[in-house]
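This is run.cif. It holds mmCIF, C-alpha atoms.
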```cif
data_upload
loop_
_atom_site.group_PDB
_atom_site.id
_atom_site.type_symbol
_atom_site.label_atom_id
_atom_site.label_comp_id
_atom_site.auth_asym_id
_atom_site.auth_seq_id
_atom_site.Cartn_x
_atom_site.Cartn_y
_atom_site.Cartn_z
ATOM 1 C CA GLY A 1 -134.872 -7.476 213.253
ATOM 2 C CA LYS A 2 -134.680 -10.230 215.856
ATOM 3 C CA THR A 3 -137.477 -12.361 217.278
ATOM 4 C CA GLN A 4 -138.435 -11.865 220.902
ATOM 5 C CA ILE A 5 -140.769 -14.124 222.879
ATOM 6 C CA VAL A 6 -143.151 -12.185 225.112
ATOM 7 C CA PRO A 7 -145.351 -14.197 227.499
ATOM 8 C CA PHE A 8 -148.846 -12.929 228.258
ATOM 9 C CA SER A 9 -151.937 -14.029 230.190
ATOM 10 C CA GLN A 10 -155.049 -15.874 229.004
ATOM 11 C CA GLU A 11 -156.961 -12.602 229.456
ATOM 12 C CA THR A 12 -154.538 -10.835 227.093
ATOM 13 C CA ALA A 13 -154.906 -13.678 224.575
ATOM 14 C CA ALA A 14 -158.693 -13.264 224.666
ATOM 15 C CA ILE A 15 -158.383 -9.511 224.105
ATOM 16 C CA ILE A 16 -156.031 -10.080 221.150
ATOM 17 C CA ARG A 17 -158.438 -12.651 219.642
ATOM 18 C CA GLU A 18 -161.284 -10.134 219.921
ATOM 19 C CA TYR A 19 -159.132 -7.421 218.326
ATOM 20 C CA ILE A 20 -158.358 -9.739 215.401
ATOM 21 C CA ARG A 21 -162.039 -10.695 214.989
ATOM 22 C CA GLU A 22 -162.999 -7.015 214.829
ATOM 23 C CA GLU A 23 -160.207 -6.089 212.409
ATOM 24 C CA VAL A 24 -160.161 -9.182 210.160
ATOM 25 C CA GLY A 25 -163.226 -11.241 210.905
ATOM 26 C CA ASN A 26 -161.871 -14.793 211.103
ATOM 27 C CA LEU A 27 -158.704 -16.018 212.799
ATOM 28 C CA GLU A 28 -158.318 -18.888 210.322
ATOM 29 C CA GLU A 29 -158.106 -16.438 207.393
ATOM 30 C CA ILE A 30 -154.925 -14.793 208.689
ATOM 31 C CA PRO A 31 -151.587 -16.076 207.335
ATOM 32 C CA PRO A 32 -149.124 -16.886 210.183
ATOM 33 C CA ALA A 33 -146.622 -14.115 209.323
ATOM 34 C CA THR A 34 -149.257 -11.333 209.273
ATOM 35 C CA PRO A 35 -148.345 -8.410 211.584
ATOM 36 C CA LEU A 36 -150.661 -8.086 214.580
ATOM 37 C CA PHE A 37 -150.408 -4.311 214.834
ATOM 38 C CA LEU A 38 -150.585 -2.228 211.672
ATOM 39 C CA GLY A 39 -149.169 1.282 211.442
ATOM 40 C CA GLU A 40 -151.430 4.212 210.643
ATOM 41 C CA ARG A 41 -148.783 6.138 208.723
ATOM 42 C CA THR A 42 -146.865 3.292 207.151
ATOM 43 C CA ILE A 43 -147.859 0.466 204.867
ATOM 44 C CA GLY A 44 -147.623 -2.841 206.674
ATOM 45 C CA HIS A 45 -146.582 -3.532 210.225
ATOM 46 C CA MET A 46 -146.191 -1.052 213.051
ATOM 47 C CA THR A 47 -142.580 -0.459 214.013
ATOM 48 C CA PRO A 48 -141.425 -1.475 217.504
ATOM 49 C CA GLU A 49 -140.691 2.195 218.210
ATOM 50 C CA ALA A 50 -144.248 3.217 217.309
ATOM 51 C CA LEU A 51 -145.724 0.485 219.515
ATOM 52 C CA ARG A 52 -143.427 1.532 222.391
ATOM 53 C CA PHE A 53 -144.471 5.194 221.964
ATOM 54 C CA ILE A 54 -148.175 4.342 221.990
ATOM 55 C CA THR A 55 -147.782 2.045 225.008
ATOM 56 C CA LYS A 56 -145.960 4.737 226.973
ATOM 57 C CA ARG A 57 -148.578 7.340 226.059
ATOM 58 C CA LEU A 58 -151.456 5.068 227.123
ATOM 59 C CA ALA A 59 -149.671 4.087 230.341
ATOM 60 C CA LYS A 60 -149.177 7.757 231.207
ATOM 61 C CA ALA A 61 -152.854 8.489 230.487
ATOM 62 C CA ALA A 62 -153.818 5.568 232.755
ATOM 63 C CA GLY A 63 -151.582 6.892 235.536
ATOM 64 C CA ILE A 64 -149.094 4.013 235.360
ATOM 65 C CA ASN A 65 -145.577 4.931 236.461
ATOM 66 C CA LEU A 66 -143.350 3.116 233.957
ATOM 67 C CA GLU A 67 -140.258 3.703 236.107
ATOM 68 C CA MET A 68 -141.680 1.179 238.583
ATOM 69 C CA VAL A 69 -142.343 -1.438 235.860
ATOM 70 C CA LYS A 70 -139.161 -3.299 234.966
#
```

In structure tokens, how does this file's structure come out?
Amino acid sequence: GKTQIVPFSQETAAIIREYIREEVGNLEEIPPATPLFLGERTIGHMTPEALRFITKRLAKAAGINLEMVK
């Protein structure tokens, strides 16, 4: 339940903007507190645990060794 600041690159920002355009249509139509990632099985936002699980699964599929990323 606490806020965490996570820096990311301009390339990541562009990818997130494109994701929002595809999912919502217009960035200006989104209220500031709207969750970025929505859960498939839950109503509303995706839990941090679900996002972590998906990230680990995709990293493994891409051949990224998460033990080396700290």

Separating CA of Glu18 (chain A) from CA of Lys56 (chain A), to the nearest tenth of an Å, is a gap of 22.5 Å

Taking into account only C-alpha atoms, which residue in the set A:Glu67, A:Phe37, A:Glu29, A:Thr3 is nearest to Ile54 (chain A)?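 Between A:Glu67, A:Phe37, A:Glu29, A:Thr3, the residue approaching Ile54 (chain A) most closely is A:Phe37.
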
Non-local contacts of Ile20 (chain A) (12 Å; only C-alpha atoms; under 5 positions in same chain excluded) as a ChimeraX atom specification: /A:13-15,25-30,34-38

d(CA of Thr47 (chain A), CA of Lys2 (chain A)) in Å: 12.7 Å

Could you please determine the separation between CA of Phe53 (chain A) and CA of Pro32 (chain A) in Å, to one decimal place?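 Value for the CA of Phe53 (chain A)-CA of Pro32 (chain A) distance: 25.5 Å.
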
Calculate, to one decimal in Å, the centre and edge lengths of the box along x, y and z of the file that holds all listed atoms of region 7-18 of chain A with 3 Å of margin on each side, and present them as lines of an AutoDock Vina configuration file.
```
center_x = -153.3
center_y = -12.7
center_z = 224.9
size_x = 21.9
size_y = 12.4
size_z = 16.5
```

Under the rule that only C-alpha atoms are counted, which of A:Ala33, A:Ala59, A:Glu22, A:Pro48 is the nearest residue to Gln4 (chain A)?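 Ranking A:Ala33, A:Ala59, A:Glu22, A:Pro48 by distance to Gln4 (chain A), first place goes to A:Pro48.
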